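File shown: structure-v4.pdb (PDB, C-alpha atoms and all ligand atoms).
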MODEL        1
ATOM      1  CA  MET A   1     -95.542  46.066-114.732  1.00  0.00           C
ATOM      2  CA  LYS A   2     -92.214  47.770-114.069  1.00  0.00           C
ATOM      3  CA  PRO A   3     -92.200  51.555-114.308  1.00  0.00           C
ATOM      4  CA  ASP A   4     -90.215  53.067-117.145  1.00  0.00           C
ATOM      5  CA  PRO A   5     -86.926  54.161-115.517  1.00  0.00           C
ATOM      6  CA  ARG A   6     -86.677  57.170-117.829  1.00  0.00           C
ATOM      7  CA  ARG A   7     -89.890  58.590-116.432  1.00  0.00           C
ATOM      8  CA  THR A   8     -90.059  60.453-113.142  1.00  0.00           C
ATOM      9  CA  TRP A   9     -92.589  59.274-110.587  1.00  0.00           C
ATOM     10  CA  ASP A  10     -94.995  62.124-111.361  1.00  0.00           C
ATOM     11  CA  GLU A  11     -94.871  61.308-115.075  1.00  0.00           C
ATOM     12  CA  GLU A  12     -95.397  57.680-114.117  1.00  0.00           C
ATOM     13  CA  LEU A  13     -98.522  58.514-112.095  1.00  0.00           C
ATOM     14  CA  ARG A  14     -99.946  60.746-114.842  1.00  0.00           C
ATOM     15  CA  SER A  15     -99.255  58.218-117.563  1.00  0.00           C
ATOM     16  CA  ARG A  16    -101.357  55.675-115.652  1.00  0.00           C
ATOM     17  CA  GLY A  17    -104.187  58.116-115.208  1.00  0.00           C
ATOM     18  CA  TYR A  18    -103.508  59.031-111.552  1.00  0.00           C
ATOM     19  CA  ARG A  19    -103.320  62.570-110.294  1.00  0.00           C
ATOM     20  CA  VAL A  20    -100.121  63.821-108.704  1.00  0.00           C
ATOM     21  CA  THR A  21    -101.405  64.843-105.296  1.00  0.00           C
ATOM     22  CA  PRO A  22     -99.363  66.505-102.528  1.00  0.00           C
ATOM     23  CA  GLN A  23    -100.056  63.406-100.360  1.00  0.00           C
ATOM     24  CA  ARG A  24     -98.555  61.066-102.943  1.00  0.00           C
ATOM     25  CA  GLN A  25     -95.578  63.359-103.314  1.00  0.00           C
ATOM     26  CA  LEU A  26     -95.075  63.611 -99.529  1.00  0.00           C
ATOM     27  CA  VAL A  27     -95.309  59.836 -99.100  1.00  0.00           C
ATOM     28  CA  LEU A  28     -92.675  59.243-101.785  1.00  0.00           C
ATOM     29  CA  GLU A  29     -90.415  61.889-100.267  1.00  0.00           C
ATOM     30  CA  ALA A  30     -90.801  60.354 -96.805  1.00  0.00           C
ATOM     31  CA  ILE A  31     -89.859  56.895 -98.125  1.00  0.00           C
ATOM     32  CA  ALA A  32     -86.845  58.333 -99.919  1.00  0.00           C
ATOM     33  CA  SER A  33     -85.537  60.109 -96.831  1.00  0.00           C
ATOM     34  CA  LEU A  34     -86.409  57.530 -94.133  1.00  0.00           C
ATOM     35  CA  ASN A  35     -85.118  54.273 -95.707  1.00  0.00           C
ATOM     36  CA  HIS A  36     -86.810  51.192 -94.175  1.00  0.00           C
ATOM     37  CA  ALA A  37     -89.841  53.135 -93.007  1.00  0.00           C
ATOM     38  CA  THR A  38     -93.038  51.570 -91.667  1.00  0.00           C
ATOM     39  CA  PRO A  39     -96.421  53.105 -92.597  1.00  0.00           C
ATOM     40  CA  GLU A  40     -96.419  54.700 -89.104  1.00  0.00           C
ATOM     41  CA  ASP A  41     -92.979  56.284 -89.691  1.00  0.00           C
ATOM     42  CA  ILE A  42     -94.177  57.552 -93.063  1.00  0.00           C
ATOM     43  CA  ALA A  43     -97.383  58.943 -91.545  1.00  0.00           C
ATOM     44  CA  ALA A  44     -95.436  60.763 -88.806  1.00  0.00           C
ATOM     45  CA  SER A  45     -93.124  62.296 -91.397  1.00  0.00           C
ATOM     46  CA  VAL A  46     -95.956  63.322 -93.756  1.00  0.00           C
ATOM     47  CA  GLN A  47     -97.987  64.778 -90.873  1.00  0.00           C
ATOM     48  CA  ARG A  48     -95.180  67.197 -90.070  1.00  0.00           C
ATOM     49  CA  THR A  49     -95.996  68.937 -93.371  1.00  0.00           C
ATOM     50  CA  ALA A  50     -99.634  67.962 -93.908  1.00  0.00           C
ATOM     51  CA  THR A  51    -101.289  67.640 -90.513  1.00  0.00           C
ATOM     52  CA  GLY A  52    -104.661  66.504 -91.901  1.00  0.00           C
ATOM     53  CA  VAL A  53    -103.389  63.291 -93.515  1.00  0.00           C
ATOM     54  CA  ASN A  54    -104.478  60.224 -91.539  1.00  0.00           C
ATOM     55  CA  ILE A  55    -102.978  56.737 -91.413  1.00  0.00           C
ATOM     56  CA  SER A  56    -105.637  55.152 -93.637  1.00  0.00           C
ATOM     57  CA  THR A  57    -104.798  57.636 -96.399  1.00  0.00           C
ATOM     58  CA  ILE A  58    -101.143  56.662 -95.968  1.00  0.00           C
ATOM     59  CA  TYR A  59    -102.026  52.954 -96.284  1.00  0.00           C
ATOM     60  CA  ARG A  60    -104.119  53.605 -99.404  1.00  0.00           C
ATOM     61  CA  THR A  61    -101.352  55.708-100.943  1.00  0.00           C
ATOM     62  CA  LEU A  62     -98.737  53.035-100.170  1.00  0.00           C
ATOM     63  CA  ASP A  63    -100.936  50.332-101.727  1.00  0.00           C
ATOM     64  CA  LEU A  64    -101.362  52.402-104.870  1.00  0.00           C
ATOM     65  CA  LEU A  65     -97.655  53.251-105.188  1.00  0.00           C
ATOM     66  CA  ASP A  66     -96.795  49.581-104.568  1.00  0.00           C
ATOM     67  CA  LYS A  67     -99.264  48.455-107.242  1.00  0.00           C
ATOM     68  CA  LEU A  68     -97.823  50.974-109.712  1.00  0.00           C
ATOM     69  CA  GLY A  69     -94.333  49.683-108.990  1.00  0.00           C
ATOM     70  CA  LEU A  70     -93.034  53.000-107.620  1.00  0.00           C
ATOM     71  CA  VAL A  71     -92.305  51.563-104.172  1.00  0.00           C
ATOM     72  CA  THR A  72     -91.589  48.068-102.857  1.00  0.00           C
ATOM     73  CA  HIS A  73     -92.025  46.614 -99.393  1.00  0.00           C
ATOM     74  CA  THR A  74     -90.246  44.084 -97.232  1.00  0.00           C
ATOM     75  CA  HIS A  75     -91.274  42.156 -94.119  1.00  0.00           C
ATOM     76  CA  LEU A  76     -88.726  42.248 -91.337  1.00  0.00           C
ATOM     77  CA  GLY A  77     -90.761  40.271 -88.838  1.00  0.00           C
ATOM     78  CA  HIS A  78     -94.244  40.072 -87.418  1.00  0.00           C
ATOM     79  CA  GLY A  79     -94.706  43.839 -87.478  1.00  0.00           C
ATOM     80  CA  ALA A  80     -95.618  46.287 -90.208  1.00  0.00           C
ATOM     81  CA  PRO A  81     -94.017  46.060 -93.653  1.00  0.00           C
ATOM     82  CA  ILE A  82     -91.287  48.565 -94.433  1.00  0.00           C
ATOM     83  CA  TYR A  83     -91.053  50.528 -97.646  1.00  0.00           C
ATOM     84  CA  HIS A  84     -88.381  51.409-100.199  1.00  0.00           C
ATOM     85  CA  LEU A  85     -88.461  53.382-103.401  1.00  0.00           C
ATOM     86  CA  ALA A  86     -88.551  50.929-106.289  1.00  0.00           C
ATOM     87  CA  SER A  87     -85.549  52.753-107.745  1.00  0.00           C
ATOM     88  CA  ASP A  88     -83.394  51.616-104.793  1.00  0.00           C
ATOM     89  CA  ALA A  89     -81.223  48.682-105.745  1.00  0.00           C
ATOM     90  CA  ASP A  90     -82.530  45.279-104.637  1.00  0.00           C
ATOM     91  CA  HIS A  91     -80.937  43.999-101.474  1.00  0.00           C
ATOM     92  CA  VAL A  92     -81.369  41.143 -99.052  1.00  0.00           C
ATOM     93  CA  HIS A  93     -82.126  42.066 -95.433  1.00  0.00           C
ATOM     94  CA  LEU A  94     -80.380  40.243 -92.612  1.00  0.00           C
ATOM     95  CA  VAL A  95     -82.243  40.792 -89.343  1.00  0.00           C
ATOM     96  CA  CYS A  96     -80.576  40.016 -86.024  1.00  0.00           C
ATOM     97  CA  GLN A  97     -83.094  38.401 -83.672  1.00  0.00           C
ATOM     98  CA  ASP A  98     -81.065  39.474 -80.630  1.00  0.00           C
ATOM     99  CA  CYS A  99     -80.388  43.178 -81.229  1.00  0.00           C
ATOM    100  CA  GLY A 100     -82.763  43.908 -84.099  1.00  0.00           C
ATOM    101  CA  THR A 101     -80.071  45.315 -86.395  1.00  0.00           C
ATOM    102  CA  VAL A 102     -80.948  45.148 -90.101  1.00  0.00           C
ATOM    103  CA  ALA A 103     -78.027  44.696 -92.468  1.00  0.00           C
ATOM    104  CA  GLN A 104     -78.309  44.945 -96.248  1.00  0.00           C
ATOM    105  CA  VAL A 105     -76.376  42.611 -98.496  1.00  0.00           C
ATOM    106  CA  SER A 106     -76.263  42.194-102.248  1.00  0.00           C
ATOM    107  CA  PRO A 107     -78.596  39.613-103.859  1.00  0.00           C
ATOM    108  CA  GLU A 108     -75.375  38.038-105.167  1.00  0.00           C
ATOM    109  CA  THR A 109     -74.882  36.680-101.631  1.00  0.00           C
ATOM    110  CA  VAL A 110     -77.881  34.355-101.998  1.00  0.00           C
ATOM    111  CA  ARG A 111     -77.434  33.649-105.694  1.00  0.00           C
ATOM    112  CA  SER A 112     -76.688  29.957-105.187  1.00  0.00           C
ATOM    113  CA  LEU A 113     -79.842  29.482-103.070  1.00  0.00           C
ATOM    114  CA  CYS A 114     -81.951  31.251-105.728  1.00  0.00           C
ATOM    115  CA  ALA A 115     -80.355  29.219-108.508  1.00  0.00           C
ATOM    116  CA  ALA A 116     -80.982  25.961-106.606  1.00  0.00           C
ATOM    117  CA  LEU A 117     -84.654  26.833-106.048  1.00  0.00           C
ATOM    118  CA  GLU A 118     -85.142  27.805-109.646  1.00  0.00           C
ATOM    119  CA  GLU A 119     -83.438  24.630-110.807  1.00  0.00           C
ATOM    120  CA  SER A 120     -85.292  22.208-108.522  1.00  0.00           C
ATOM    121  CA  GLN A 121     -88.682  23.956-108.165  1.00  0.00           C
ATOM    122  CA  ASP A 122     -88.840  26.286-111.178  1.00  0.00           C
ATOM    123  CA  PHE A 123     -89.346  28.915-108.456  1.00  0.00           C
ATOM    124  CA  GLU A 124     -88.346  32.516-109.029  1.00  0.00           C
ATOM    125  CA  VAL A 125     -87.210  34.073-105.733  1.00  0.00           C
ATOM    126  CA  ASN A 126     -88.093  37.675-104.921  1.00  0.00           C
ATOM    127  CA  VAL A 127     -85.164  38.292-102.595  1.00  0.00           C
ATOM    128  CA  ALA A 128     -86.171  41.861-101.774  1.00  0.00           C
ATOM    129  CA  HIS A 129     -89.544  40.824-100.302  1.00  0.00           C
ATOM    130  CA  LEU A 130     -88.423  38.784 -97.327  1.00  0.00           C
ATOM    131  CA  ALA A 131     -85.735  39.054 -94.718  1.00  0.00           C
ATOM    132  CA  VAL A 132     -83.321  36.411 -93.471  1.00  0.00           C
ATOM    133  CA  PHE A 133     -83.357  36.049 -89.692  1.00  0.00           C
ATOM    134  CA  GLY A 134     -80.504  35.022 -87.460  1.00  0.00           C
ATOM    135  CA  ARG A 135     -77.822  36.499 -85.236  1.00  0.00           C
ATOM    136  CA  CYS A 136     -75.413  39.233 -86.253  1.00  0.00           C
ATOM    137  CA  GLY A 137     -71.632  39.045 -85.956  1.00  0.00           C
ATOM    138  CA  GLU A 138     -71.607  41.587 -83.128  1.00  0.00           C
ATOM    139  CA  CYS A 139     -74.010  39.528 -80.982  1.00  0.00           C
ATOM    140  CA  ARG A 140     -72.186  36.301 -81.749  1.00  0.00           C
ATOM    141  CA  ARG A 141     -68.861  37.890 -80.753  1.00  0.00           C
ATOM    142  CA  LYS A 142     -70.381  39.134 -77.472  1.00  0.00           C
ATOM    143  CA  ASP A 143     -71.585  35.590 -76.743  1.00  0.00           C
ATOM    144  CA  ARG A 144     -68.217  34.088 -77.538  1.00  0.00           C
ATOM    145  CA  ARG A 145     -66.505  36.595 -75.210  1.00  0.00           C
ATOM    146  CA  SER A 146     -68.800  35.732 -72.290  1.00  0.00           C
ATOM    147  CA  GLU A 147     -68.270  32.035 -72.982  1.00  0.00           C
ATOM    148  CA  ASP A 148     -64.520  32.651 -72.913  1.00  0.00           C
ATOM    149  CA  ARG A 149     -64.825  34.416 -69.571  1.00  0.00           C
ATOM    150  CA  ARG A 150     -66.798  31.529 -68.109  1.00  0.00           C
ATOM    151  CA  GLY A 151     -64.086  29.178 -69.363  1.00  0.00           C
ATOM    152  CA  GLU A 152     -61.368  31.268 -67.702  1.00  0.00           C
ATOM    153  CA  LYS A 153     -63.177  31.310 -64.368  1.00  0.00           C
ATOM    154  CA  LYS A 154     -63.427  27.563 -64.425  1.00  0.00           C
ATOM    155  CA  GLN A 155     -59.669  27.276 -64.972  1.00  0.00           C
ATOM    156  CA  ASP A 156     -58.985  29.668 -62.050  1.00  0.00           C
ATOM    157  CA  ALA A 157     -61.035  27.609 -59.626  1.00  0.00           C
TER     158      ALA A 157
HETATM  159 ZN    ZN A 201     -84.017  47.496 -97.459  1.00  0.00          ZN
HETATM  160 ZN    ZN A 202     -95.529  41.638 -98.648  1.00  0.00          ZN
HETATM  161 ZN    ZN A 203     -77.263  41.430 -83.155  1.00  0.00          ZN
ENDMDL
END
Mind converting the file's structure to structure tokens?
Amino acid sequence: MKPDPRRTWDEELRSRGYRVTPQRQLVLEAIASLNHATPEDIAASVQRTATGVNISTIYRTLDLLDKLGLVTHTHLGHGAPIYHLASDADHVHLVCQDCGTVAQVSPETVRSLCAALEESQDFEVNVAHLAVFGRCGECRRKDRRSEDRRGEKKQDA
């Protein structure tokens, strides 16, 4: 179920029968300020204010907030998931396998792929959940430059 956008997150928690605890508040604040945070990043940030909060509490809180639709997560590789506030606009993540840079692009960019999958498989794509892997423009340009240099050397010889 999608949260009601007119309600704030604390109203959302209360309306579902959950208490608004300082931990839940700190976790949401950490996600809002960190952008693309792993549970470890979130724990480190929360522990600056609340030293007694351990990582398993963070995981439980993240699971709850995810289930309530207040946060979403994405997988950028084999490591930990990363979290966003659900109120952040959906975006597709492009992860460079060479330098690790994560770029965000609009879901419009993959609209034709999503439409094709829906058409042929009746499959509804959740573009925000998974990342697209490849090589970024910067890394490709670097490669092309070193290829050019090799080409020049050959001509000199
Ligand atoms: Zn993102
Ligand atoms: Zn997942
Ligand atoms: Zn790169």
Worksheet entry | Nearest to Thr49 (chain A) by atom-to-atom distance, counting all atoms listed in the file, from A:Ser112, A:Leu64, A:Leu26, A:Arg140 |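 Ranking A:Ser112, A:Leu64, A:Leu26, A:Arg140 by distance to Thr49 (chain A), first place goes to A:Leu26.
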Practice prompt. Counting only C-alpha atoms, figure out which residue out of A:Ala128, A:Asp148, A:Val53, A:Asp98 gets nearest to Val110 (chain A).
Written response: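 Checking each of A:Ala128, A:Asp148, A:Val53, A:Asp98 against Val110 (chain A), counting only C-alpha atoms, the winner is A:Ala128.
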Practice prompt. Grab me every residue within 10 Å of ligand ZN 201 (chain A), counting all atoms listed in the file, and send it over as a list in words.
Written response: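 Result of the 10 Å neighbour search around ligand ZN 201 (chain A): Asn35, His36, Ala37, Thr72, His73, Thr74, His75, Leu76, Ile82, Tyr83, His84, Leu85, Asp88, Ala89, Asp90, His91, Val92, His93, Leu94, Val102, Ala103, Gln104, Val105, Ala128, His129, Leu130 and Ala131 of chain A.
Shortest atom-to-atom contact with Arg60 (chain A) among A:Cys139, A:Gln121, A:Val132, A:Pro39: A:Pro39, counting only C-alpha atoms.
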Discussion item. Please identify all protein, DNA and RNA residues within 7 Å of ligand ZN 203 (chain A), counting only C-alpha atoms and all ligand atoms, and report them as a list in words.
Written reply: Cys96, Gln97, Asp98, Cys99, Gly100, Thr101, Arg135, Cys136, Gly137, Glu138 and Cys139 of chain A
Worksheet item: Could you pull the residues within 12 Å of Leu113 (chain A), counting all atoms listed in the file, minus those fewer than 6 positions along the same chain, as number ranges by chain?
Response: A: 107, 119-121, 123-127
Could you save the residues just selected, with C-alpha atoms, as a compact mmCIF listing (two decimals), in the frame of the given file?
# COMPACT_ATOMS: atom_id res chain seq x y z
CA PRO A 107 -78.60 39.61 -103.86
CA GLU A 119 -83.44 24.63 -110.81
CA SER A 120 -85.29 22.21 -108.52
CA GLN A 121 -88.68 23.96 -108.16
CA PHE A 123 -89.35 28.92 -108.46
CA GLU A 124 -88.35 32.52 -109.03
CA VAL A 125 -87.21 34.07 -105.73
CA ASN A 126 -88.09 37.67 -104.92
CA VAL A 127 -85.16 38.29 -102.60
Worksheet entry | Output check: residues returned by the PyMOL selection byres (((chain A and resi 44) around 12) and not hetatm), as a PyMOL selection string | chain A and resi 26-27+30-31+34+37-43+45-55+58
Worksheet item: In terms of the shortest atom-to-atom distance over all atoms listed in the file, which of A:Leu13, A:Ala80, A:Val20, A:Ser106 is closest to ligand ZN 202 (chain A)?
Response: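 Smallest separation from ligand ZN 202 (chain A) among the options: A:Ala80.
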Item to complete: Grab the CA of Arg7 (chain A) to CA of Arg24 (chain A) distance for me, in Å with one decimal place.
Response: 16.2 Å
Take region 99-110 of chain A, bring it up to N, CA and C atoms, and give me the output as a CSV table (one decimal), keeping the file's coordinate frame.
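Saved the output as selection_20.csv:
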chain,number,residue,atom,x,y,z
A,99,CYS,N,-80.5,41.7,-81.4
A,99,CYS,CA,-80.4,43.2,-81.2
A,99,CYS,C,-81.3,43.9,-82.2
A,100,GLY,N,-81.8,43.3,-83.2
A,100,GLY,CA,-82.8,43.9,-84.1
A,100,GLY,C,-82.1,44.7,-85.2
A,101,THR,N,-80.8,44.6,-85.3
A,101,THR,CA,-80.1,45.3,-86.4
A,101,THR,C,-80.5,44.7,-87.7
A,102,VAL,N,-80.6,45.6,-88.7
A,102,VAL,CA,-80.9,45.1,-90.1
A,102,VAL,C,-79.8,45.5,-91.0
A,103,ALA,N,-79.1,44.5,-91.5
A,103,ALA,CA,-78.0,44.7,-92.5
A,103,ALA,C,-78.5,44.4,-93.9
A,104,GLN,N,-77.9,45.1,-94.8
A,104,GLN,CA,-78.3,44.9,-96.2
A,104,GLN,C,-77.1,44.3,-97.0
A,105,VAL,N,-77.4,43.2,-97.7
A,105,VAL,CA,-76.4,42.6,-98.5
A,105,VAL,C,-76.9,42.5,-99.9
A,106,SER,N,-75.9,42.3,-100.8
A,106,SER,CA,-76.3,42.2,-102.2
A,106,SER,C,-77.0,40.9,-102.5
A,107,PRO,N,-77.9,40.9,-103.5
A,107,PRO,CA,-78.6,39.6,-103.9
A,107,PRO,C,-77.6,38.5,-104.3
A,108,GLU,N,-76.4,39.0,-104.8
A,108,GLU,CA,-75.4,38.0,-105.2
A,108,GLU,C,-75.1,37.0,-104.0
A,109,THR,N,-75.2,37.5,-102.8
A,109,THR,CA,-74.9,36.7,-101.6
A,109,THR,C,-75.7,35.4,-101.6
A,110,VAL,N,-77.0,35.5,-102.1
A,110,VAL,CA,-77.9,34.4,-102.0
A,110,VAL,C,-78.1,33.8,-103.4
